[in-house]
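Source file: protein-v2.csv; contents: CSV, C-alpha atoms.
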```csv
chain,number,residue,atom,x,y,z
T,732,MET,CA,9.4,-112.0,-63.0
T,733,ILE,CA,7.3,-113.3,-60.1
T,734,ASP,CA,5.9,-110.6,-57.8
T,735,PHE,CA,6.0,-111.8,-54.1
T,736,GLY,CA,4.4,-108.5,-52.9
T,737,LYS,CA,1.0,-110.1,-52.3
T,738,PHE,CA,2.6,-112.7,-50.0
T,739,TYR,CA,4.5,-110.0,-48.1
T,740,GLN,CA,1.3,-108.0,-47.6
T,741,GLN,CA,-0.5,-111.2,-46.5
T,742,ILE,CA,2.0,-112.0,-43.7
T,743,ALA,CA,2.7,-108.4,-42.6
T,744,THR,CA,0.3,-108.4,-39.7
T,745,GLY,CA,0.3,-112.1,-38.6
T,746,PRO,CA,2.6,-114.5,-36.8
T,747,LEU,CA,4.9,-114.5,-39.8
T,748,ALA,CA,5.5,-110.7,-39.8
T,749,HIS,CA,9.0,-111.0,-38.4
T,750,TRP,CA,10.0,-113.1,-41.5
T,751,LEU,CA,9.8,-109.8,-43.5
T,752,GLU,CA,13.0,-108.8,-41.7
T,753,THR,CA,15.0,-111.2,-43.9
T,754,LEU,CA,12.8,-112.6,-46.6
T,755,PRO,CA,12.5,-109.7,-49.1
T,756,ALA,CA,16.3,-109.3,-49.2
T,757,GLN,CA,16.8,-113.1,-49.8
T,758,VAL,CA,14.2,-113.1,-52.6
T,759,GLY,CA,15.7,-110.0,-54.2
T,760,SER,CA,19.2,-111.6,-54.1
T,761,TRP,CA,17.8,-114.7,-55.8
T,762,GLN,CA,16.1,-112.6,-58.5
T,763,ARG,CA,19.3,-110.7,-59.2
T,764,ASP,CA,22.0,-113.3,-59.0
T,765,ALA,CA,20.6,-116.9,-58.9
T,766,LEU,CA,18.1,-117.3,-61.7
T,767,HIS,CA,18.3,-120.6,-63.6
T,768,GLY,CA,19.3,-120.2,-67.3
T,769,GLN,CA,15.9,-121.4,-68.4
T,770,PHE,CA,13.9,-119.4,-65.8
T,771,LYS,CA,12.8,-116.6,-68.2
T,772,GLN,CA,11.8,-119.1,-70.8
T,773,TRP,CA,9.7,-121.0,-68.3
T,774,MET,CA,8.1,-117.9,-67.0
T,775,ARG,CA,7.4,-116.8,-70.6
T,776,SER,CA,5.2,-119.9,-70.9
T,777,VAL,CA,3.4,-119.0,-67.7
T,778,SER,CA,2.9,-115.4,-68.9
T,779,PHE,CA,1.1,-116.7,-72.0
T,780,LEU,CA,-1.4,-118.8,-70.0
T,781,PRO,CA,-4.8,-117.3,-69.5
T,782,GLU,CA,-5.8,-116.3,-66.0
T,783,ILE,CA,-9.0,-118.3,-65.5
T,784,THR,CA,-11.3,-118.1,-62.5
T,785,PRO,CA,-12.8,-121.6,-62.2
T,786,ALA,CA,-16.6,-121.9,-61.9
T,787,ARG,CA,-15.9,-125.1,-60.0
T,788,LEU,CA,-12.8,-125.8,-57.9
T,789,ASP,CA,-12.3,-129.0,-56.0
T,790,ILE,CA,-9.1,-129.0,-53.9
T,791,LEU,CA,-10.5,-131.2,-51.2
T,792,ASN,CA,-10.6,-134.4,-53.3
T,793,GLY,CA,-7.9,-133.5,-55.8
T,794,VAL,CA,-6.8,-130.4,-57.7
T,795,GLN,CA,-9.6,-130.1,-60.2
T,796,ALA,CA,-10.9,-126.9,-61.9
T,797,GLU,CA,-13.8,-126.5,-64.4
T,798,ALA,CA,-14.8,-123.4,-66.3
T,799,ALA,CA,-18.4,-122.1,-66.5
T,800,THR,CA,-18.2,-122.8,-70.3
T,801,PRO,CA,-16.0,-125.7,-71.4
T,802,LEU,CA,-12.9,-124.5,-73.2
T,803,SER,CA,-12.7,-125.1,-76.9
T,804,GLU,CA,-10.3,-127.8,-78.3
T,805,GLY,CA,-8.1,-125.0,-79.6
T,806,GLN,CA,-8.0,-123.3,-76.1
T,807,LYS,CA,-7.2,-126.6,-74.4
T,808,THR,CA,-4.5,-127.4,-77.0
T,809,GLY,CA,-2.9,-124.0,-76.5
T,810,ILE,CA,-2.9,-124.3,-72.7
T,811,GLU,CA,-1.5,-127.9,-72.8
T,812,LYS,CA,1.3,-126.8,-75.1
T,813,LEU,CA,2.4,-124.1,-72.6
T,814,LEU,CA,2.1,-126.5,-69.7
T,815,ARG,CA,4.2,-129.1,-71.5
T,816,ASN,CA,6.9,-126.4,-71.9
T,817,LEU,CA,7.4,-126.8,-68.1
T,818,MET,CA,8.1,-130.6,-68.2
T,819,PRO,CA,9.0,-132.7,-66.5
T,820,TRP,CA,6.0,-132.6,-64.1
T,821,ARG,CA,6.9,-134.8,-61.1
T,822,LYS,CA,4.2,-134.1,-58.4
T,823,GLY,CA,0.5,-134.0,-59.1
T,824,PRO,CA,-1.9,-134.9,-60.8
T,825,PHE,CA,-3.8,-131.8,-61.9
T,826,ASP,CA,-7.1,-131.7,-63.8
T,827,LEU,CA,-7.5,-128.3,-65.2
T,828,TYR,CA,-10.4,-127.5,-67.6
T,829,GLY,CA,-10.2,-130.8,-69.3
T,830,ILE,CA,-6.4,-131.0,-69.3
T,831,HIS,CA,-5.0,-133.9,-67.2
T,832,ILE,CA,-1.4,-133.4,-66.1
T,833,ASP,CA,-0.4,-137.0,-65.4
T,834,THR,CA,2.6,-136.5,-63.2
T,835,GLU,CA,5.3,-139.0,-62.4
T,836,TRP,CA,4.2,-139.2,-58.8
T,837,ARG,CA,0.6,-139.9,-57.8
T,838,SER,CA,0.9,-137.4,-54.9
T,839,ASP,CA,-2.8,-137.9,-54.2
T,840,LEU,CA,-2.0,-141.4,-53.0
T,841,LYS,CA,0.6,-140.1,-50.5
T,842,TRP,CA,-1.9,-137.5,-49.3
T,843,ASP,CA,-4.5,-140.1,-48.7
T,844,ARG,CA,-2.0,-142.0,-46.6
T,845,VAL,CA,-1.0,-139.0,-44.6
T,846,LEU,CA,-4.2,-137.1,-44.0
T,847,PRO,CA,-6.0,-139.6,-41.6
T,848,HIS,CA,-3.1,-139.4,-39.1
T,849,ILE,CA,-2.6,-135.7,-38.7
T,850,SER,CA,-4.3,-133.0,-36.7
T,851,PRO,CA,-7.1,-131.2,-38.6
T,852,LEU,CA,-5.7,-128.4,-40.8
T,853,ALA,CA,-8.6,-126.1,-40.5
T,854,GLY,CA,-7.4,-122.6,-39.7
T,855,ARG,CA,-3.8,-123.6,-39.5
T,856,THR,CA,-0.7,-121.9,-41.0
T,857,ILE,CA,1.3,-124.5,-42.8
T,858,LEU,CA,4.9,-124.9,-44.1
T,859,ASP,CA,5.7,-127.6,-46.7
T,860,VAL,CA,9.4,-128.1,-47.0
T,861,GLY,CA,10.5,-129.4,-50.4
T,862,CYS,CA,7.0,-128.8,-51.8
T,863,GLY,CA,7.8,-129.4,-55.5
T,864,SER,CA,5.1,-128.1,-57.8
T,865,GLY,CA,2.9,-127.3,-54.8
T,866,TYR,CA,0.3,-130.0,-55.3
T,867,HIS,CA,0.1,-130.8,-51.6
T,868,LEU,CA,-0.2,-127.0,-50.8
T,869,TRP,CA,-3.5,-127.0,-52.7
T,870,ARG,CA,-4.7,-130.1,-50.9
T,871,MET,CA,-3.8,-128.5,-47.5
T,872,VAL,CA,-5.9,-125.4,-48.4
T,873,GLY,CA,-8.6,-127.8,-49.5
T,874,ALA,CA,-8.5,-129.3,-46.0
T,875,GLY,CA,-9.0,-125.9,-44.5
T,876,ALA,CA,-5.6,-124.4,-43.9
T,877,SER,CA,-5.7,-120.6,-43.7
T,878,LEU,CA,-2.3,-120.3,-45.4
T,879,ALA,CA,0.0,-122.9,-47.0
T,880,VAL,CA,3.6,-121.8,-47.7
T,881,GLY,CA,5.9,-124.1,-49.6
T,882,ILE,CA,9.7,-123.8,-50.0
T,883,ASP,CA,11.7,-125.5,-52.7
T,884,PRO,CA,14.9,-124.2,-54.4
T,885,THR,CA,14.1,-126.0,-57.7
T,886,GLN,CA,13.0,-123.1,-60.0
T,887,LEU,CA,11.1,-125.2,-62.5
T,888,PHE,CA,8.8,-126.3,-59.7
T,889,LEU,CA,8.2,-122.7,-58.8
T,890,CYS,CA,7.2,-122.0,-62.4
T,891,GLN,CA,4.9,-125.0,-62.4
T,892,PHE,CA,3.2,-123.7,-59.2
T,893,GLU,CA,2.8,-120.3,-60.7
T,894,ALA,CA,1.3,-121.8,-63.8
T,895,VAL,CA,-1.3,-123.7,-61.8
T,896,ARG,CA,-2.0,-120.7,-59.6
T,897,LYS,CA,-2.7,-118.6,-62.6
T,898,LEU,CA,-5.1,-121.2,-63.9
T,899,LEU,CA,-6.9,-121.2,-60.6
T,900,GLY,CA,-7.6,-117.5,-60.8
T,901,ASP,CA,-4.5,-116.2,-59.0
T,902,ASP,CA,-5.5,-118.0,-55.8
T,903,GLN,CA,-3.4,-116.5,-52.9
T,904,ARG,CA,-4.1,-119.1,-50.2
T,905,ALA,CA,-0.9,-121.0,-51.2
T,906,HIS,CA,2.6,-119.7,-52.0
T,907,VAL,CA,5.9,-121.2,-53.1
T,908,LEU,CA,9.2,-119.5,-52.3
T,909,PRO,CA,12.5,-120.4,-54.0
T,910,LEU,CA,14.3,-121.2,-50.8
T,911,GLY,CA,15.8,-124.2,-48.9
T,912,ILE,CA,15.1,-124.9,-45.3
T,913,GLU,CA,18.6,-123.9,-44.3
T,914,GLN,CA,17.8,-120.3,-45.6
T,915,LEU,CA,14.9,-119.9,-43.1
T,916,PRO,CA,15.5,-118.2,-39.7
T,917,PRO,CA,13.9,-119.9,-36.7
T,918,LEU,CA,10.4,-118.5,-37.3
T,919,ASN,CA,8.6,-120.5,-34.6
T,920,ALA,CA,5.4,-119.6,-36.4
T,921,PHE,CA,3.8,-122.5,-38.2
T,922,ASP,CA,1.1,-124.7,-36.7
T,923,THR,CA,2.0,-127.7,-38.9
T,924,VAL,CA,5.3,-128.4,-40.8
T,925,PHE,CA,5.5,-131.0,-43.5
T,926,SER,CA,8.7,-132.6,-44.7
T,927,MET,CA,7.9,-135.2,-47.3
T,928,GLY,CA,10.6,-136.9,-49.4
T,929,VAL,CA,13.4,-134.7,-48.1
T,930,LEU,CA,15.2,-136.2,-45.1
T,931,TYR,CA,17.2,-138.8,-47.1
T,932,HIS,CA,18.6,-136.1,-49.3
T,933,ARG,CA,20.1,-134.3,-46.3
T,934,ARG,CA,23.8,-134.8,-45.4
T,935,SER,CA,23.0,-134.1,-41.8
T,936,PRO,CA,19.5,-135.4,-41.0
T,937,LEU,CA,19.4,-134.4,-37.4
T,938,ASP,CA,20.2,-130.8,-38.4
T,939,HIS,CA,17.2,-131.0,-40.7
T,940,LEU,CA,15.0,-132.2,-37.9
T,941,TRP,CA,16.2,-129.3,-35.7
T,942,GLN,CA,15.5,-126.8,-38.6
T,943,LEU,CA,12.0,-128.2,-38.9
T,944,LYS,CA,11.4,-127.9,-35.2
T,945,ASP,CA,12.6,-124.2,-35.3
T,946,GLN,CA,9.7,-123.4,-37.6
T,947,LEU,CA,7.0,-124.7,-35.4
T,948,VAL,CA,4.9,-122.9,-32.8
T,949,LYS,CA,4.7,-124.4,-29.3
T,950,ASP,CA,2.7,-127.6,-29.6
T,951,GLY,CA,3.0,-127.4,-33.3
T,952,GLU,CA,2.9,-130.7,-35.3
T,953,LEU,CA,5.6,-132.1,-37.6
T,954,VAL,CA,4.6,-134.5,-40.4
T,955,LEU,CA,7.6,-136.3,-41.6
T,956,GLU,CA,7.5,-138.7,-44.6
T,957,THR,CA,10.7,-140.3,-45.8
T,958,LEU,CA,12.4,-143.5,-47.0
T,959,VAL,CA,13.1,-146.0,-44.3
T,960,VAL,CA,14.4,-149.6,-44.1
T,961,ASP,CA,13.3,-152.5,-42.0
T,962,GLY,CA,15.2,-152.9,-38.8
T,963,ASP,CA,15.5,-152.0,-35.1
T,964,GLU,CA,16.2,-148.7,-33.5
T,965,ASN,CA,19.9,-149.0,-34.4
T,966,THR,CA,19.5,-149.7,-38.1
T,967,VAL,CA,20.6,-147.1,-40.6
T,968,LEU,CA,21.4,-147.8,-44.3
T,969,VAL,CA,24.2,-145.6,-45.7
T,970,PRO,CA,24.1,-146.2,-49.5
T,971,GLY,CA,27.2,-146.0,-51.7
T,972,ASP,CA,27.3,-143.9,-54.8
T,973,ARG,CA,23.6,-144.3,-55.6
T,974,TYR,CA,20.3,-145.5,-54.2
T,975,ALA,CA,17.6,-146.3,-56.8
T,976,GLN,CA,19.8,-144.3,-59.2
T,977,MET,CA,19.7,-141.2,-57.0
T,978,ARG,CA,23.1,-139.8,-56.2
T,979,ASN,CA,22.1,-137.6,-53.3
T,980,VAL,CA,20.8,-140.2,-50.8
T,981,TYR,CA,22.8,-140.1,-47.5
T,982,PHE,CA,21.1,-141.9,-44.6
T,983,ILE,CA,18.0,-144.2,-44.6
T,984,PRO,CA,17.1,-145.1,-41.1
T,985,SER,CA,14.6,-147.7,-39.9
T,986,ALA,CA,11.3,-146.1,-38.7
T,987,LEU,CA,12.2,-147.0,-35.1
T,988,ALA,CA,15.6,-145.3,-35.5
T,989,LEU,CA,13.9,-142.2,-37.0
T,990,LYS,CA,11.6,-142.1,-34.0
T,991,LYS,CA,14.7,-142.1,-31.7
T,992,TRP,CA,16.2,-139.3,-33.8
T,993,LEU,CA,13.1,-137.2,-33.4
T,994,GLU,CA,13.0,-137.7,-29.7
T,995,LYS,CA,16.7,-136.9,-29.5
T,996,CYS,CA,15.9,-133.5,-31.2
T,997,GLY,CA,13.3,-132.8,-28.5
T,998,PHE,CA,10.1,-133.8,-30.2
T,999,VAL,CA,7.4,-135.6,-28.1
T,1000,ASP,CA,4.4,-137.8,-28.8
T,1001,VAL,CA,6.3,-139.3,-31.7
T,1002,ARG,CA,4.5,-142.1,-33.5
T,1003,ILE,CA,5.0,-144.1,-36.6
T,1004,ALA,CA,1.7,-143.6,-38.5
T,1005,ASP,CA,2.2,-145.5,-41.7
T,1006,GLN,CA,4.7,-147.6,-43.7
T,1007,CYS,CA,4.3,-148.9,-47.3
T,1008,TYR,CA,6.4,-149.8,-50.3
T,1009,THR,CA,6.4,-147.5,-53.3
T,1010,THR,CA,4.7,-149.1,-56.2
T,1011,GLN,CA,4.7,-148.4,-59.9
T,1012,GLN,CA,1.1,-147.3,-59.6
T,1013,GLU,CA,2.4,-144.4,-57.5
T,1014,GLN,CA,5.6,-143.5,-59.3
T,1015,ARG,CA,6.0,-144.2,-63.0
T,1016,ARG,CA,6.9,-142.7,-66.4
T,1017,THR,CA,4.2,-140.7,-68.1
T,1018,THR,CA,3.8,-138.5,-71.2
T,1019,TRP,CA,4.4,-135.5,-68.8
T,1020,MET,CA,7.6,-137.1,-67.3
T,1021,THR,CA,9.3,-139.1,-70.0
T,1022,SER,CA,12.7,-140.0,-68.4
T,1023,GLU,CA,13.4,-143.0,-66.2
T,1024,SER,CA,11.2,-143.7,-63.2
T,1025,LEU,CA,10.7,-146.4,-60.5
T,1026,GLY,CA,10.5,-149.3,-62.9
T,1027,ASP,CA,13.9,-148.5,-64.2
T,1028,PHE,CA,15.4,-148.2,-60.6
T,1029,LEU,CA,14.4,-151.7,-59.4
T,1030,ASP,CA,16.3,-155.0,-60.0
T,1031,PRO,CA,14.5,-156.5,-63.1
T,1032,ALA,CA,14.9,-159.9,-61.6
T,1033,ASP,CA,13.8,-159.0,-58.0
T,1034,ALA,CA,11.5,-156.1,-57.5
T,1035,THR,CA,12.2,-156.2,-53.7
T,1036,LYS,CA,15.6,-154.7,-54.4
T,1037,THR,CA,16.9,-151.6,-56.1
T,1038,ILE,CA,19.1,-151.9,-59.2
T,1039,GLU,CA,22.1,-151.5,-56.8
T,1040,GLY,CA,20.9,-154.4,-54.6
T,1041,TYR,CA,19.5,-152.3,-51.7
T,1042,PRO,CA,16.0,-152.9,-50.2
T,1043,ALA,CA,13.3,-151.4,-52.5
T,1044,PRO,CA,11.9,-148.0,-51.5
T,1045,LEU,CA,9.9,-148.3,-48.3
T,1046,ARG,CA,8.3,-145.1,-47.0
T,1047,ALA,CA,7.1,-144.2,-43.5
T,1048,VAL,CA,5.0,-141.3,-42.1
T,1049,LEU,CA,5.9,-140.2,-38.6
T,1050,ILE,CA,4.0,-137.6,-36.6
T,1051,ALA,CA,5.6,-135.6,-33.7
T,1052,ARG,CA,4.9,-132.6,-31.6
T,1053,LYS,CA,7.1,-129.7,-30.5
T,1054,PRO,CA,6.6,-129.3,-26.7
```

File written out as structure tokens:
Amino acid sequence: MIDFGKFYQQIATGPLAHWLETLPAQVGSWQRDALHGQFKQWMRSVSFLPEITPARLDILNGVQAEAATPLSEGQKTGIEKLLRNLMPWRKGPFDLYGIHIDTEWRSDLKWDRVLPHISPLAGRTILDVGCGSGYHLWRMVGAGASLAVGIDPTQLFLCQFEAVRKLLGDDQRAHVLPLGIEQLPPLNAFDTVFSMGVLYHRRSPLDHLWQLKDQLVKDGELVLETLVVDGDENTVLVPGDRYAQMRNVYFIPSALALKKWLEKCGFVDVRIADQCYTTQQEQRRTTWMTSESLGDFLDPADATKTIEGYPAPLRAVLIARKP
């Protein structure tokens, strides 16, 4: 079982201390009543991983760790087998002691698009909503964040994060909690909040924007990355049963409409920082994620459309401030 005690101690005297009024009870309830049927199996694989303190750790340019003495082929084979027990790996990549976890998403490419547009992260307390395996949390710490907290209810992703953390010497600068944003009280405590790849999965997108705002300090920054469509400030796509084979896609606004949504929720200094189409360089099937991926979701005769006939995935980054 995962021990969150170190995290509780870490936040006990800072701006997140009031979170301890509700968080331990929530986590305790999850541990008692809501564990995935495979959770113990996944954590068994994590428990068998060696705890290695890297001699060289680069989380500024990627998530890359090297040992003082290179691991033997037998050691690498054993570690890789345990990590493959945690497939599918969707967000990454990770380069750990000669083992390359080639994830479905090249999350480093998204980070390279986002980073130039945001306020410097040095010394900041960060929340990453829908953080997946925690790849971006390590990049945030690499960029100078004092504490990076991720929330994601998908328990496999939590186990993947704990596996990577163990291989990074139990690094406590980043944490993942098995919660959704709707389970957080209004903390008003984070300097920067990231929501990347989440908004289109929300049945009520404006409620999501309000929830994000409630986590920020005054003058805190929201970094919002999501699917958009071309169009004016009144354009919103409401897909039918599926969009790019995803069932849980509800609203895809234009970037201009999303800017209006953010302003309606009280954000200021809202700007559209970036827009680009998702390519098969960034999202694809790999030996670490062997099921269908982007290439299977596009119209084989017209890559500008999804297999359902909607516009192909276009993603935007918007930056906003809580006044």

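Excluding T:Leu1049 itself and any same-chain residue fewer than 2 positions from it, the protein and nucleic acid residues within 7 Å of it, counting only C-alpha atoms, are Val954, Leu955, Glu956, Val1001, Arg1002, Ile1003, Ala1004, Ala1047 and Ala1051 of chain T.
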
Can I get the residues of stretch 919-972 of chain T within 10 Å of stretch 876-898 of chain T, each with the closest pair of atoms and their distance in Å to one decimal, using only C-alpha atoms, sorted chain first then ascending number, as a tab-separated table?
```
residue	atom	partner	partner_atom	distance
T:Phe921	CA	T:Val880	CA	9.5
T:Asp922	CA	T:Ala876	CA	9.8
T:Thr923	CA	T:Ala879	CA	9.6
T:Val924	CA	T:Val880	CA	9.7
T:Phe925	CA	T:Gly881	CA	9.2
```

C-alpha atoms of the current selection, written as a PDB file, in the coordinates of the input:
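This went into result26.pdb:
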```pdb
ATOM      1  CA  PHE T 921       3.800-122.500 -38.200  1.00  0.00           C
ATOM      2  CA  ASP T 922       1.100-124.700 -36.700  1.00  0.00           C
ATOM      3  CA  THR T 923       2.000-127.700 -38.900  1.00  0.00           C
ATOM      4  CA  VAL T 924       5.300-128.400 -40.800  1.00  0.00           C
ATOM      5  CA  PHE T 925       5.500-131.000 -43.500  1.00  0.00           C
TER       6      PHE T 925
END
```

Excluding same-chain residues fewer than 6 positions from T:Val929, what lies within 8 Å of it counting only C-alpha atoms, as a PDB file with C-alpha atoms, keeping the file's coordinate frame?
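Full text of result05.pdb as output:
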```
ATOM      1  CA  VAL T 860       9.400-128.100 -47.000  1.00  0.00           C
ATOM      2  CA  GLY T 861      10.500-129.400 -50.400  1.00  0.00           C
ATOM      3  CA  GLU T 956       7.500-138.700 -44.600  1.00  0.00           C
ATOM      4  CA  THR T 957      10.700-140.300 -45.800  1.00  0.00           C
TER       5      THR T 957
END
```

Please provide the set of residues having any atom within 6 Å of stretch 824-838 of chain T, restricted to only C-alpha atoms, with same-chain residues fewer than 2 positions apart removed, written as a VMD selection string.
-> chain T and resid 794 to 797 820 to 822 840 to 841 1013 to 1016 1019 to 1020

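Counting from atom CA of T:Glu1039, the distance to atom CA of T:Gly971 is 9.1 Å.
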
Just give me the gap between atom CA of T:Trp941 and atom CA of T:Thr856 in Å, one decimal is fine.
->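 Calculated distance between atom CA of T:Trp941 and atom CA of T:Thr856 is 19.2 Å.
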
With a distance cut-off of 10 Å and all atoms listed in the file, select the neighbouring residues of T:Gly1026, excluding the residue or stretch itself and same-chain residues fewer than 5 positions from it, and output the selection as a list in words.
-> Ala975, Thr1010, Gln1011, Gln1014, Arg1015, Arg1016, Pro1031, Ala1034, Thr1037 and Ile1038 of chain T

Pick from T:Pro746, T:Ser935, T:Leu989, T:Leu868 nearest to T:Leu852, counting all atoms listed in the file | T:Leu868

Residue nearest T:Ala743 - candidates T:Gly911, T:Pro755, T:Pro936, T:Pro917, atoms counted: only C-alpha atoms |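 Selected residue with least distance to T:Ala743: T:Pro755.
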
d(atom CA of T:Gly736, atom CA of T:Pro909) in Å |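 Interatomic distance here is 14.4 Å.
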
Compare T:Met818, T:Val1048, T:Ala748, T:Ile733 by their minimum atom-to-atom distance to T:Ser778, counting only C-alpha atoms, and give me the closest one.
->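 Selected residue with least distance to T:Ser778: T:Ile733.
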
Shortest interatomic distance to T:Pro916 - which of T:Ala988, T:Leu899, T:Leu947, T:Val969, counting all atoms listed in the file | T:Leu947

For T:Leu788, the nearest of the candidates T:Trp869, T:Pro1054, T:Pro970, T:Leu943, counting only C-alpha atoms |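 Using only C-alpha atoms, T:Leu788 sits closest to T:Trp869.
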
Determine, for each residue of stretch 817-876 of chain T having at least one atom at most 6 Å from an atom of stretch 789-792 of chain T, the closest pair of atoms and their separation in Å to one decimal, counting only C-alpha atoms; order by chain and ascending number, as a tab-separated table.
```
residue	atom	partner	partner_atom	distance
T:Arg870	CA	T:Ile790	CA	5.4
T:Gly873	CA	T:Leu791	CA	4.2
T:Ala874	CA	T:Leu791	CA	5.9
```

Go ahead and write the selection's residues with C-alpha atoms as a PDB file, keeping the file's coordinate frame.
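The resulting part30.pdb:
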```pdb
ATOM      1  CA  ARG T 870      -4.700-130.100 -50.900  1.00  0.00           C
ATOM      2  CA  GLY T 873      -8.600-127.800 -49.500  1.00  0.00           C
ATOM      3  CA  ALA T 874      -8.500-129.300 -46.000  1.00  0.00           C
TER       4      ALA T 874
END
```

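Excluding T:Tyr981 and any residue on its chain fewer than 2 positions from it, the residues at most 10 Å away by only C-alpha atoms are Leu930, Tyr931, His932, Arg933, Arg934, Ser935, Pro936, Leu968, Val969, Pro970, Gly971, Asp972, Arg973, Tyr974, Arg978, Asn979, Ile983 and Pro984 of chain T.
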
Suppose we keep C-alpha atoms; can you now write the selection as an mmCIF file, keeping the file's coordinate frame?
```cif
data_model
loop_
_atom_site.group_PDB
_atom_site.id
_atom_site.type_symbol
_atom_site.label_atom_id
_atom_site.label_comp_id
_atom_site.auth_asym_id
_atom_site.auth_seq_id
_atom_site.Cartn_x
_atom_site.Cartn_y
_atom_site.Cartn_z
ATOM 1 C CA LEU T 930 15.200 -136.200 -45.100
ATOM 2 C CA TYR T 931 17.200 -138.800 -47.100
ATOM 3 C CA HIS T 932 18.600 -136.100 -49.300
ATOM 4 C CA ARG T 933 20.100 -134.300 -46.300
ATOM 5 C CA ARG T 934 23.800 -134.800 -45.400
ATOM 6 C CA SER T 935 23.000 -134.100 -41.800
ATOM 7 C CA PRO T 936 19.500 -135.400 -41.000
ATOM 8 C CA LEU T 968 21.400 -147.800 -44.300
ATOM 9 C CA VAL T 969 24.200 -145.600 -45.700
ATOM 10 C CA PRO T 970 24.100 -146.200 -49.500
ATOM 11 C CA GLY T 971 27.200 -146.000 -51.700
ATOM 12 C CA ASP T 972 27.300 -143.900 -54.800
ATOM 13 C CA ARG T 973 23.600 -144.300 -55.600
ATOM 14 C CA TYR T 974 20.300 -145.500 -54.200
ATOM 15 C CA ARG T 978 23.100 -139.800 -56.200
ATOM 16 C CA ASN T 979 22.100 -137.600 -53.300
ATOM 17 C CA ILE T 983 18.000 -144.200 -44.600
ATOM 18 C CA PRO T 984 17.100 -145.100 -41.100
#
```

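Each of T:Pro1044, T:Gly854, T:Gly951, T:Gly997 was checked against T:Ser985 using all atoms listed in the file; the smallest atom-to-atom distance is that of T:Pro1044.
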